$ cat work37.cif   # mmCIF, N, CA and C atoms
data_entry
#
loop_
_atom_site.label_atom_id
_atom_site.label_comp_id
_atom_site.auth_asym_id
_atom_site.auth_seq_id
_atom_site.Cartn_x
_atom_site.Cartn_y
_atom_site.Cartn_z
N MET Y 30 0.85 -1.17 0.00
CA MET Y 30 0.00 0.00 0.00
C MET Y 30 0.90 1.24 0.00
N ASN Y 31 0.48 2.23 -0.70
CA ASN Y 31 1.16 3.51 -0.78
C ASN Y 31 1.22 4.17 0.60
N ARG Y 32 2.36 4.77 0.94
CA ARG Y 32 2.52 5.39 2.27
C ARG Y 32 1.56 6.54 2.49
N LEU Y 33 1.33 7.34 1.47
CA LEU Y 33 0.40 8.46 1.61
C LEU Y 33 -1.02 7.96 1.86
N THR Y 34 -1.39 6.90 1.18
CA THR Y 34 -2.71 6.29 1.40
C THR Y 34 -2.83 5.77 2.83
N ARG Y 35 -1.78 5.10 3.30
CA ARG Y 35 -1.79 4.58 4.67
C ARG Y 35 -1.91 5.72 5.69
N ALA Y 36 -1.16 6.80 5.48
CA ALA Y 36 -1.25 7.95 6.38
C ALA Y 36 -2.66 8.53 6.38
N GLY Y 37 -3.27 8.61 5.21
CA GLY Y 37 -4.64 9.11 5.11
C GLY Y 37 -5.64 8.22 5.81
N ILE Y 38 -5.46 6.91 5.69
CA ILE Y 38 -6.35 5.97 6.38
C ILE Y 38 -6.21 6.12 7.89
N ILE Y 39 -4.97 6.26 8.37
CA ILE Y 39 -4.74 6.43 9.81
C ILE Y 39 -5.39 7.72 10.29
N ALA Y 40 -5.23 8.81 9.53
CA ALA Y 40 -5.86 10.08 9.89
C ALA Y 40 -7.38 9.93 9.93
N GLY Y 41 -7.94 9.27 8.93
CA GLY Y 41 -9.39 9.07 8.88
C GLY Y 41 -9.92 8.24 10.04
N ILE Y 42 -9.21 7.17 10.36
CA ILE Y 42 -9.62 6.33 11.50
C ILE Y 42 -9.54 7.12 12.79
N TYR Y 43 -8.48 7.92 12.94
CA TYR Y 43 -8.33 8.75 14.13
C TYR Y 43 -9.54 9.68 14.28
N ILE Y 44 -9.90 10.37 13.22
CA ILE Y 44 -11.02 11.31 13.25
C ILE Y 44 -12.33 10.59 13.59
N ILE Y 45 -12.56 9.47 12.95
CA ILE Y 45 -13.79 8.71 13.21
C ILE Y 45 -13.86 8.29 14.68
N LEU Y 46 -12.76 7.78 15.21
CA LEU Y 46 -12.76 7.34 16.61
C LEU Y 46 -12.99 8.51 17.57
N VAL Y 47 -12.42 9.67 17.26
CA VAL Y 47 -12.64 10.84 18.13
C VAL Y 47 -14.12 11.19 18.17
N PHE Y 48 -14.78 11.14 17.03
CA PHE Y 48 -16.16 11.57 17.02
C PHE Y 48 -17.15 10.49 17.40
N VAL Y 49 -16.81 9.24 17.23
CA VAL Y 49 -17.67 8.17 17.76
C VAL Y 49 -17.66 8.23 19.29
N PHE Y 50 -16.49 8.54 19.84
CA PHE Y 50 -16.32 8.63 21.29
C PHE Y 50 -16.13 10.09 21.74
N GLN Y 51 -16.85 10.99 21.10
CA GLN Y 51 -16.68 12.43 21.35
C GLN Y 51 -16.87 12.80 22.82
N ALA Y 52 -17.79 12.18 23.49
CA ALA Y 52 -18.08 12.54 24.88
C ALA Y 52 -16.88 12.34 25.80
N ILE Y 53 -15.98 11.43 25.44
CA ILE Y 53 -14.81 11.18 26.29
C ILE Y 53 -13.50 11.58 25.59
N SER Y 54 -13.59 12.31 24.47
CA SER Y 54 -12.41 12.67 23.70
C SER Y 54 -11.87 14.06 23.99
N PHE Y 55 -12.63 14.90 24.66
CA PHE Y 55 -12.23 16.28 24.89
C PHE Y 55 -12.41 16.64 26.36
N GLY Y 56 -11.69 17.66 26.80
CA GLY Y 56 -11.88 18.19 28.13
C GLY Y 56 -10.82 17.76 29.12
N PRO Y 57 -11.01 18.13 30.39
CA PRO Y 57 -10.00 17.85 31.41
C PRO Y 57 -9.89 16.38 31.80
N ILE Y 58 -10.95 15.63 31.61
CA ILE Y 58 -10.91 14.18 31.84
C ILE Y 58 -11.26 13.55 30.51
N GLN Y 59 -10.29 12.85 29.94
CA GLN Y 59 -10.53 12.29 28.61
C GLN Y 59 -9.88 10.93 28.45
N PHE Y 60 -10.58 10.10 27.73
CA PHE Y 60 -10.08 8.79 27.33
C PHE Y 60 -10.25 8.74 25.82
N ARG Y 61 -9.35 9.42 25.11
CA ARG Y 61 -9.46 9.53 23.65
C ARG Y 61 -9.03 8.21 23.03
N VAL Y 62 -10.02 7.41 22.69
CA VAL Y 62 -9.80 6.07 22.14
C VAL Y 62 -8.89 6.11 20.92
N ALA Y 63 -8.98 7.16 20.13
CA ALA Y 63 -8.15 7.30 18.94
C ALA Y 63 -6.66 7.30 19.26
N GLU Y 64 -6.30 7.63 20.49
CA GLU Y 64 -4.89 7.65 20.88
C GLU Y 64 -4.27 6.26 20.89
N ALA Y 65 -5.08 5.22 20.75
CA ALA Y 65 -4.53 3.87 20.59
C ALA Y 65 -3.67 3.79 19.33
N LEU Y 66 -3.94 4.66 18.37
CA LEU Y 66 -3.19 4.67 17.11
C LEU Y 66 -1.80 5.28 17.26
N THR Y 67 -1.52 5.93 18.39
CA THR Y 67 -0.26 6.66 18.54
C THR Y 67 0.97 5.77 18.60
N LEU Y 68 0.80 4.47 18.72
CA LEU Y 68 1.95 3.57 18.69
C LEU Y 68 2.26 3.06 17.28
N LEU Y 69 1.40 3.36 16.31
CA LEU Y 69 1.62 2.88 14.95
C LEU Y 69 2.90 3.38 14.29
N PRO Y 70 3.47 4.53 14.69
CA PRO Y 70 4.76 4.90 14.09
C PRO Y 70 5.87 3.89 14.36
N MET Y 71 5.69 3.00 15.31
CA MET Y 71 6.68 1.95 15.54
C MET Y 71 6.76 1.00 14.35
N VAL Y 72 5.67 0.91 13.60
CA VAL Y 72 5.61 0.01 12.44
C VAL Y 72 5.63 0.81 11.13
N TYR Y 73 4.90 1.89 11.10
CA TYR Y 73 4.76 2.69 9.88
C TYR Y 73 5.21 4.12 10.13
N PRO Y 74 6.34 4.55 9.58
CA PRO Y 74 6.78 5.95 9.77
C PRO Y 74 5.74 6.96 9.28
N GLU Y 75 5.00 6.60 8.25
CA GLU Y 75 3.99 7.51 7.72
C GLU Y 75 2.84 7.75 8.70
N ALA Y 76 2.75 6.92 9.72
CA ALA Y 76 1.73 7.14 10.76
C ALA Y 76 1.97 8.46 11.49
N ILE Y 77 3.20 8.96 11.48
CA ILE Y 77 3.50 10.25 12.11
C ILE Y 77 2.62 11.33 11.49
N GLY Y 78 2.63 11.41 10.17
CA GLY Y 78 1.80 12.39 9.47
C GLY Y 78 0.32 12.11 9.60
N GLY Y 79 -0.05 10.83 9.58
CA GLY Y 79 -1.46 10.47 9.72
C GLY Y 79 -2.02 10.87 11.06
N ILE Y 80 -1.26 10.65 12.11
CA ILE Y 80 -1.71 11.04 13.45
C ILE Y 80 -1.78 12.56 13.55
N TYR Y 81 -0.76 13.24 13.02
CA TYR Y 81 -0.76 14.71 13.05
C TYR Y 81 -2.01 15.28 12.37
N VAL Y 82 -2.30 14.83 11.18
CA VAL Y 82 -3.47 15.32 10.43
C VAL Y 82 -4.76 14.92 11.14
N GLY Y 83 -4.82 13.71 11.65
CA GLY Y 83 -6.01 13.26 12.38
C GLY Y 83 -6.29 14.11 13.60
N VAL Y 84 -5.25 14.42 14.38
CA VAL Y 84 -5.43 15.26 15.56
C VAL Y 84 -5.80 16.68 15.15
N LEU Y 85 -5.12 17.21 14.15
CA LEU Y 85 -5.41 18.57 13.68
C LEU Y 85 -6.87 18.72 13.28
N LEU Y 86 -7.35 17.83 12.44
CA LEU Y 86 -8.74 17.92 11.97
C LEU Y 86 -9.75 17.63 13.08
N SER Y 87 -9.43 16.67 13.93
CA SER Y 87 -10.33 16.36 15.06
C SER Y 87 -10.45 17.56 15.99
N ASN Y 88 -9.32 18.21 16.26
CA ASN Y 88 -9.34 19.34 17.18
C ASN Y 88 -9.96 20.59 16.55
N ILE Y 89 -9.90 20.73 15.23
CA ILE Y 89 -10.62 21.83 14.57
C ILE Y 89 -12.12 21.62 14.79
N LEU Y 90 -12.57 20.41 14.58
CA LEU Y 90 -13.99 20.11 14.74
C LEU Y 90 -14.42 20.01 16.19
N GLY Y 91 -13.46 19.84 17.10
CA GLY Y 91 -13.76 19.66 18.52
C GLY Y 91 -14.17 20.92 19.25
N GLY Y 92 -13.83 22.08 18.72
CA GLY Y 92 -14.32 23.32 19.28
C GLY Y 92 -13.59 23.88 20.49
N GLN Y 93 -12.40 23.39 20.82
CA GLN Y 93 -11.66 23.92 21.97
C GLN Y 93 -10.81 25.13 21.59
N GLY Y 94 -10.74 25.46 20.31
CA GLY Y 94 -10.04 26.65 19.88
C GLY Y 94 -8.63 26.40 19.36
N PRO Y 95 -7.94 27.50 19.01
CA PRO Y 95 -6.62 27.39 18.38
C PRO Y 95 -5.55 26.72 19.23
N TRP Y 96 -5.60 26.88 20.55
CA TRP Y 96 -4.61 26.20 21.39
C TRP Y 96 -4.70 24.70 21.20
N ASP Y 97 -5.91 24.18 21.15
CA ASP Y 97 -6.09 22.74 20.99
C ASP Y 97 -5.75 22.31 19.57
N VAL Y 98 -6.15 23.12 18.59
CA VAL Y 98 -5.88 22.77 17.20
C VAL Y 98 -4.37 22.71 16.95
N PHE Y 99 -3.68 23.80 17.25
CA PHE Y 99 -2.25 23.86 16.94
C PHE Y 99 -1.39 23.22 18.03
N GLY Y 100 -1.75 23.43 19.29
CA GLY Y 100 -0.99 22.84 20.38
C GLY Y 100 -1.12 21.34 20.41
N GLY Y 101 -2.35 20.85 20.33
CA GLY Y 101 -2.59 19.40 20.38
C GLY Y 101 -1.94 18.67 19.21
N SER Y 102 -2.04 19.26 18.01
CA SER Y 102 -1.43 18.58 16.87
C SER Y 102 0.09 18.65 16.94
N ALA Y 103 0.65 19.74 17.46
CA ALA Y 103 2.11 19.82 17.61
C ALA Y 103 2.61 18.80 18.65
N VAL Y 104 1.88 18.68 19.75
CA VAL Y 104 2.26 17.68 20.77
C VAL Y 104 2.18 16.28 20.17
N SER Y 105 1.14 16.01 19.42
CA SER Y 105 0.98 14.69 18.80
C SER Y 105 2.06 14.42 17.76
N LEU Y 106 2.44 15.45 17.00
CA LEU Y 106 3.51 15.29 16.02
C LEU Y 106 4.83 14.94 16.71
N LEU Y 107 5.15 15.65 17.78
CA LEU Y 107 6.37 15.37 18.53
C LEU Y 107 6.32 13.96 19.15
N ALA Y 108 5.19 13.62 19.76
CA ALA Y 108 5.04 12.30 20.37
C ALA Y 108 5.16 11.19 19.32
N ALA Y 109 4.55 11.39 18.16
CA ALA Y 109 4.61 10.38 17.10
C ALA Y 109 6.04 10.22 16.58
N TYR Y 110 6.75 11.33 16.44
CA TYR Y 110 8.15 11.25 16.01
C TYR Y 110 8.99 10.48 17.04
N LEU Y 111 8.80 10.81 18.32
CA LEU Y 111 9.57 10.12 19.37
C LEU Y 111 9.20 8.64 19.45
N THR Y 112 7.94 8.33 19.21
CA THR Y 112 7.51 6.93 19.18
C THR Y 112 8.22 6.19 18.06
N TYR Y 113 8.32 6.84 16.90
CA TYR Y 113 9.05 6.24 15.78
C TYR Y 113 10.54 6.13 16.09
N ARG Y 114 11.12 7.21 16.56
CA ARG Y 114 12.57 7.28 16.81
C ARG Y 114 13.01 6.26 17.87
N TYR Y 115 12.20 6.08 18.89
CA TYR Y 115 12.55 5.17 19.99
C TYR Y 115 11.67 3.93 20.01
N ARG Y 116 11.26 3.49 18.83
CA ARG Y 116 10.38 2.32 18.73
C ARG Y 116 11.01 1.11 19.40
N GLY Y 117 10.17 0.40 20.11
CA GLY Y 117 10.63 -0.78 20.81
C GLY Y 117 11.25 -0.51 22.17
N ARG Y 118 11.47 0.76 22.50
CA ARG Y 118 12.03 1.13 23.81
C ARG Y 118 10.96 1.84 24.62
N TRP Y 119 11.16 1.92 25.92
CA TRP Y 119 10.13 2.46 26.80
C TRP Y 119 9.74 3.89 26.42
N ILE Y 120 10.68 4.71 25.94
CA ILE Y 120 10.35 6.10 25.60
C ILE Y 120 9.38 6.16 24.41
N GLY Y 121 9.47 5.18 23.53
CA GLY Y 121 8.53 5.12 22.41
C GLY Y 121 7.09 4.91 22.88
N TYR Y 122 6.93 4.10 23.89
CA TYR Y 122 5.60 3.85 24.45
C TYR Y 122 5.16 5.00 25.36
N ALA Y 123 6.10 5.60 26.06
CA ALA Y 123 5.77 6.63 27.05
C ALA Y 123 5.55 8.01 26.45
N SER Y 124 6.14 8.29 25.30
CA SER Y 124 6.05 9.66 24.78
C SER Y 124 4.63 10.15 24.53
N PRO Y 125 3.72 9.36 23.95
CA PRO Y 125 2.35 9.89 23.79
C PRO Y 125 1.64 10.09 25.13
N ILE Y 126 2.02 9.32 26.12
CA ILE Y 126 1.39 9.45 27.44
C ILE Y 126 1.92 10.70 28.15
N LEU Y 127 3.23 10.79 28.25
CA LEU Y 127 3.84 11.88 29.02
C LEU Y 127 3.68 13.24 28.35
N LEU Y 128 3.89 13.30 27.04
CA LEU Y 128 3.76 14.60 26.36
C LEU Y 128 2.33 15.11 26.41
N ASN Y 129 1.37 14.24 26.22
CA ASN Y 129 -0.02 14.68 26.33
C ASN Y 129 -0.35 15.12 27.75
N ALA Y 130 0.09 14.35 28.72
CA ALA Y 130 -0.21 14.70 30.11
C ALA Y 130 0.33 16.09 30.44
N PHE Y 131 1.60 16.32 30.18
CA PHE Y 131 2.24 17.57 30.59
C PHE Y 131 1.95 18.75 29.66
N LEU Y 132 1.99 18.52 28.34
CA LEU Y 132 1.85 19.65 27.42
C LEU Y 132 0.39 19.96 27.09
N VAL Y 133 -0.41 18.95 26.82
CA VAL Y 133 -1.84 19.20 26.62
C VAL Y 133 -2.45 19.68 27.93
N GLY Y 134 -2.00 19.08 29.03
CA GLY Y 134 -2.46 19.54 30.35
C GLY Y 134 -2.16 21.01 30.56
N LEU Y 135 -1.01 21.46 30.09
CA LEU Y 135 -0.62 22.87 30.26
C LEU Y 135 -1.55 23.81 29.51
N TYR Y 136 -1.80 23.55 28.24
CA TYR Y 136 -2.67 24.49 27.52
C TYR Y 136 -4.13 24.33 27.90
N LEU Y 137 -4.56 23.12 28.28
CA LEU Y 137 -5.94 22.98 28.76
C LEU Y 137 -6.13 23.70 30.09
N TRP Y 138 -5.13 23.68 30.92
CA TRP Y 138 -5.17 24.43 32.18
C TRP Y 138 -5.42 25.90 31.88
N TYR Y 139 -4.77 26.40 30.86
CA TYR Y 139 -4.93 27.79 30.46
C TYR Y 139 -6.30 28.06 29.84
N ILE Y 140 -6.69 27.27 28.84
CA ILE Y 140 -7.93 27.60 28.12
C ILE Y 140 -9.19 27.22 28.88
N LEU Y 141 -9.13 26.20 29.72
CA LEU Y 141 -10.31 25.80 30.48
C LEU Y 141 -10.40 26.52 31.82
N ASP Y 142 -9.33 27.23 32.17
CA ASP Y 142 -9.27 28.00 33.41
C ASP Y 142 -9.61 27.15 34.63
N VAL Y 143 -8.99 25.95 34.68
CA VAL Y 143 -9.16 25.10 35.85
C VAL Y 143 -8.19 25.56 36.94
N PRO Y 144 -8.51 25.34 38.21
CA PRO Y 144 -7.72 25.93 39.29
C PRO Y 144 -6.32 25.36 39.47
N ALA Y 145 -6.06 24.12 39.10
CA ALA Y 145 -4.75 23.55 39.38
C ALA Y 145 -4.24 22.74 38.18
N TYR Y 146 -2.97 22.87 37.92
CA TYR Y 146 -2.32 22.19 36.79
C TYR Y 146 -2.10 20.70 37.05
N TRP Y 147 -1.58 20.33 38.21
CA TRP Y 147 -1.18 18.95 38.46
C TRP Y 147 -2.33 17.94 38.43
N PRO Y 148 -3.51 18.26 38.96
CA PRO Y 148 -4.62 17.30 38.80
C PRO Y 148 -4.99 17.08 37.33
N LEU Y 149 -4.84 18.14 36.53
CA LEU Y 149 -5.11 18.01 35.10
C LEU Y 149 -4.08 17.10 34.42
N VAL Y 150 -2.82 17.28 34.78
CA VAL Y 150 -1.75 16.40 34.26
C VAL Y 150 -2.07 14.95 34.63
N LEU Y 151 -2.46 14.74 35.85
CA LEU Y 151 -2.77 13.40 36.32
C LEU Y 151 -3.98 12.81 35.58
N SER Y 152 -5.04 13.58 35.41
CA SER Y 152 -6.24 13.04 34.75
C SER Y 152 -5.97 12.74 33.28
N ILE Y 153 -5.27 13.63 32.59
CA ILE Y 153 -4.96 13.38 31.18
C ILE Y 153 -3.96 12.23 31.07
N GLY Y 154 -2.98 12.20 31.94
CA GLY Y 154 -1.99 11.12 31.91
C GLY Y 154 -2.61 9.76 32.15
N ILE Y 155 -3.52 9.68 33.11
CA ILE Y 155 -4.18 8.40 33.39
C ILE Y 155 -5.03 7.97 32.19
N GLY Y 156 -5.82 8.90 31.66
CA GLY Y 156 -6.65 8.57 30.50
C GLY Y 156 -5.81 8.12 29.32
N GLN Y 157 -4.72 8.83 29.09
CA GLN Y 157 -3.82 8.50 27.99
C GLN Y 157 -3.16 7.14 28.22
N ALA Y 158 -2.71 6.89 29.44
CA ALA Y 158 -2.07 5.61 29.75
C ALA Y 158 -3.03 4.45 29.57
N VAL Y 159 -4.26 4.62 30.04
CA VAL Y 159 -5.25 3.55 29.89
C VAL Y 159 -5.45 3.20 28.42
N VAL Y 160 -5.62 4.23 27.59
CA VAL Y 160 -5.88 3.98 26.17
C VAL Y 160 -4.64 3.41 25.46
N VAL Y 161 -3.50 4.04 25.65
CA VAL Y 161 -2.29 3.60 24.95
C VAL Y 161 -1.88 2.20 25.38
N LEU Y 162 -1.93 1.93 26.67
CA LEU Y 162 -1.47 0.63 27.16
C LEU Y 162 -2.49 -0.49 26.95
N SER Y 163 -3.77 -0.20 27.16
CA SER Y 163 -4.77 -1.27 27.06
C SER Y 163 -5.30 -1.48 25.65
N LEU Y 164 -5.30 -0.45 24.82
CA LEU Y 164 -5.77 -0.59 23.44
C LEU Y 164 -4.63 -0.47 22.42
N GLY Y 165 -3.72 0.45 22.67
CA GLY Y 165 -2.64 0.70 21.72
C GLY Y 165 -1.66 -0.45 21.59
N ILE Y 166 -1.25 -1.01 22.71
CA ILE Y 166 -0.29 -2.13 22.64
C ILE Y 166 -0.89 -3.35 21.95
N PRO Y 167 -2.11 -3.77 22.28
CA PRO Y 167 -2.69 -4.89 21.52
C PRO Y 167 -2.85 -4.57 20.02
N LEU Y 168 -3.23 -3.33 19.71
CA LEU Y 168 -3.33 -2.94 18.29
C LEU Y 168 -1.97 -3.04 17.62
N LEU Y 169 -0.95 -2.50 18.28
CA LEU Y 169 0.41 -2.56 17.74
C LEU Y 169 0.83 -4.01 17.49
N ARG Y 170 0.62 -4.88 18.45
CA ARG Y 170 1.00 -6.29 18.29
C ARG Y 170 0.27 -6.94 17.12
N PHE Y 171 -1.02 -6.62 17.01
CA PHE Y 171 -1.83 -7.16 15.91
C PHE Y 171 -1.26 -6.70 14.56
N VAL Y 172 -0.98 -5.40 14.46
CA VAL Y 172 -0.45 -4.85 13.21
C VAL Y 172 0.92 -5.44 12.90
N GLN Y 173 1.77 -5.59 13.91
CA GLN Y 173 3.10 -6.17 13.69
C GLN Y 173 3.00 -7.61 13.16
N ARG Y 174 2.07 -8.38 13.69
CA ARG Y 174 1.90 -9.77 13.23
C ARG Y 174 1.30 -9.85 11.84
N ASN Y 175 0.52 -8.84 11.47
CA ASN Y 175 -0.24 -8.90 10.22
C ASN Y 175 0.07 -7.77 9.26
N GLN Y 176 1.23 -7.14 9.38
CA GLN Y 176 1.47 -5.94 8.60
C GLN Y 176 1.46 -6.17 7.09
N ASP Y 177 1.70 -7.39 6.65
CA ASP Y 177 1.62 -7.66 5.22
C ASP Y 177 0.16 -7.72 4.74
N LYS Y 178 -0.78 -7.90 5.66
CA LYS Y 178 -2.20 -7.98 5.32
C LYS Y 178 -3.01 -6.77 5.79
N PHE Y 179 -2.46 -6.04 6.76
CA PHE Y 179 -3.23 -4.99 7.44
C PHE Y 179 -2.62 -3.64 7.11
N LEU Y 180 -3.46 -2.72 6.73
CA LEU Y 180 -3.03 -1.36 6.36
C LEU Y 180 -1.87 -1.45 5.39
#

$ encode --input "work37.cif" --output "structure tokens"
Amino acid sequence: MNRLTRAGIIAGIYIILVFVFQAISFGPIQFRVAEALTLLPMVYPEAIGGIYVGVLLSNILGGQGPWDVFGGSAVSLLAAYLTYRYRGRWIGYASPILLNAFLVGLYLWYILDVPAYWPLVLSIGIGQAVVVLSLGIPLLRFVQRNQDKFL
């Protein structure tokens, strides 16, 4: 399959998952199911762009404003690159969790005007960890075993 096509499919799946699970995809407490895709750069480098575009478009439609659109997609781009760069090592798995917790937590603290930063870091980090570890790792293993047939 063409890399651009694969990146587009990943972006599309990301957007669909965000909006199917919209109620838990935005805000100070979130379990963004689409974040299970953030480990795909370990297998497909083009997933970096697919995740970036998926987050960008999802956050445009999500209504949290420019901080979420540009900040969230920049954080996801950095996390996806680090996941690719450190694939197979703990930092590859941890980067989407930690960067979202600390950096998305930072701008959400600002735009949502919540009273404390650290509880926000904790809530986003927990949500991110649950999704990445419980859904993302099994997805990654499935794709690794079937990459000649899948995507």

$ atom_distance --input "work37.cif" --atom1 "atom N of Val84 in chain Y" --atom2 "atom C of Arg114 in chain Y"
20.3 Å

$ residues_around --input "work37.cif" --residues "Glu64 in chain Y" --least-positions-apart "2" --cutoff "6.5 Å" --atoms "all atoms listed in the file" --output "list in words"
Arg61, Val62, Leu66, Thr67, Leu68, Val160, Val161 and Gly165 of chain Y

$ closest_residue --input "work37.cif" --among "Y:Ala108, Y:Leu169, Y:Leu151, Y:Ala63" --to "Ile45 in chain Y" --atoms "all atoms listed in the file"
Y:Ala63

$ closest_residue --input "work37.cif" --among "Y:Tyr73, Y:Tyr43, Y:Phe48, Y:Phe55" --to "Leu85 in chain Y" --atoms "only C-alpha atoms"
Y:Tyr43

$ atom_distance --input "work37.cif" --atom1 "CA of Gly134 in chain Y" --atom2 "CA of Arg170 in chain Y"
28.7 Å

$ resolve_selection --input "work37.cif" --expression "the PyMOL selection byres (((chain Y and resi 152 and name CA) around 9) and name CA)" --output "list of chain:residue names"
Y:Pro57, Y:Ile58, Y:Gln59, Y:Ala130, Y:Gly134, Y:Trp147, Y:Pro148, Y:Leu149, Y:Val150, Y:Leu151, Y:Ile153, Y:Gly154, Y:Ile155, Y:Gly156, Y:Gln157

$ atom_distance --input "work37.cif" --atom1 "CA of Gly121 in chain Y" --atom2 "CA of Ala145 in chain Y"
28.4 Å

$ resolve_selection --input "work37.cif" --expression "the PyMOL selection byres (((chain Y and resi 86 and name CA) around 12) and name CA)" --output "number ranges by chain"
Y: 37, 40-45, 47-48, 79-85, 87-92, 94-95, 97-99, 101-102

$ write_last_selection --input "work37.cif" --atoms "N, CA and C atoms" --output "compact mmCIF listing (two decimals), keeping the file's coordinate frame"
# COMPACT_ATOMS: atom_id res chain seq x y z
N GLY Y 37 -3.27 8.61 5.21
CA GLY Y 37 -4.64 9.11 5.11
C GLY Y 37 -5.64 8.22 5.81
N ALA Y 40 -5.23 8.81 9.53
CA ALA Y 40 -5.86 10.08 9.89
C ALA Y 40 -7.38 9.93 9.93
N GLY Y 41 -7.94 9.27 8.93
CA GLY Y 41 -9.39 9.07 8.88
C GLY Y 41 -9.92 8.24 10.04
N ILE Y 42 -9.21 7.17 10.36
CA ILE Y 42 -9.62 6.33 11.50
C ILE Y 42 -9.54 7.12 12.79
N TYR Y 43 -8.48 7.92 12.94
CA TYR Y 43 -8.33 8.75 14.13
C TYR Y 43 -9.54 9.68 14.28
N ILE Y 44 -9.90 10.37 13.22
CA ILE Y 44 -11.02 11.31 13.25
C ILE Y 44 -12.33 10.59 13.59
N ILE Y 45 -12.56 9.47 12.95
CA ILE Y 45 -13.79 8.71 13.21
C ILE Y 45 -13.86 8.29 14.68
N VAL Y 47 -12.42 9.67 17.26
CA VAL Y 47 -12.64 10.84 18.13
C VAL Y 47 -14.12 11.19 18.17
N PHE Y 48 -14.78 11.14 17.03
CA PHE Y 48 -16.16 11.57 17.02
C PHE Y 48 -17.15 10.49 17.40
N GLY Y 79 -0.05 10.83 9.58
CA GLY Y 79 -1.46 10.47 9.72
C GLY Y 79 -2.02 10.87 11.06
N ILE Y 80 -1.26 10.65 12.11
CA ILE Y 80 -1.71 11.04 13.45
C ILE Y 80 -1.78 12.56 13.55
N TYR Y 81 -0.76 13.24 13.02
CA TYR Y 81 -0.76 14.71 13.05
C TYR Y 81 -2.01 15.28 12.37
N VAL Y 82 -2.30 14.83 11.18
CA VAL Y 82 -3.47 15.32 10.43
C VAL Y 82 -4.76 14.92 11.14
N GLY Y 83 -4.82 13.71 11.65
CA GLY Y 83 -6.01 13.26 12.38
C GLY Y 83 -6.29 14.11 13.60
N VAL Y 84 -5.25 14.42 14.38
CA VAL Y 84 -5.43 15.26 15.56
C VAL Y 84 -5.80 16.68 15.15
N LEU Y 85 -5.12 17.21 14.15
CA LEU Y 85 -5.41 18.57 13.68
C LEU Y 85 -6.87 18.72 13.28
N SER Y 87 -9.43 16.67 13.93
CA SER Y 87 -10.33 16.36 15.06
C SER Y 87 -10.45 17.56 15.99
N ASN Y 88 -9.32 18.21 16.26
CA ASN Y 88 -9.34 19.34 17.18
C ASN Y 88 -9.96 20.59 16.55
N ILE Y 89 -9.90 20.73 15.23
CA ILE Y 89 -10.62 21.83 14.57
C ILE Y 89 -12.12 21.62 14.79
N LEU Y 90 -12.57 20.41 14.58
CA LEU Y 90 -13.99 20.11 14.74
C LEU Y 90 -14.42 20.01 16.19
N GLY Y 91 -13.46 19.84 17.10
CA GLY Y 91 -13.76 19.66 18.52
C GLY Y 91 -14.17 20.92 19.25
N GLY Y 92 -13.83 22.08 18.72
CA GLY Y 92 -14.32 23.32 19.28
C GLY Y 92 -13.59 23.88 20.49
N GLY Y 94 -10.74 25.46 20.31
CA GLY Y 94 -10.04 26.65 19.88
C GLY Y 94 -8.63 26.40 19.36
N PRO Y 95 -7.94 27.50 19.01
CA PRO Y 95 -6.62 27.39 18.38
C PRO Y 95 -5.55 26.72 19.23
N ASP Y 97 -5.91 24.18 21.15
CA ASP Y 97 -6.09 22.74 20.99
C ASP Y 97 -5.75 22.31 19.57
N VAL Y 98 -6.15 23.12 18.59
CA VAL Y 98 -5.88 22.77 17.20
C VAL Y 98 -4.37 22.71 16.95
N PHE Y 99 -3.68 23.80 17.25
CA PHE Y 99 -2.25 23.86 16.94
C PHE Y 99 -1.39 23.22 18.03
N GLY Y 101 -2.35 20.85 20.33
CA GLY Y 101 -2.59 19.40 20.38
C GLY Y 101 -1.94 18.67 19.21
N SER Y 102 -2.04 19.26 18.01
CA SER Y 102 -1.43 18.58 16.87
C SER Y 102 0.09 18.65 16.94

$ residues_near_point --input "work37.cif" --point "(4.3, -2.0, 17.1)" --cutoff "8 Å" --atoms "all atoms listed in the file" --output "JSON, numbers by chain"
{"Y": [68, 69, 70, 71, 72, 73, 116, 117, 165, 166, 168, 169, 170, 171, 172, 173, 174]}
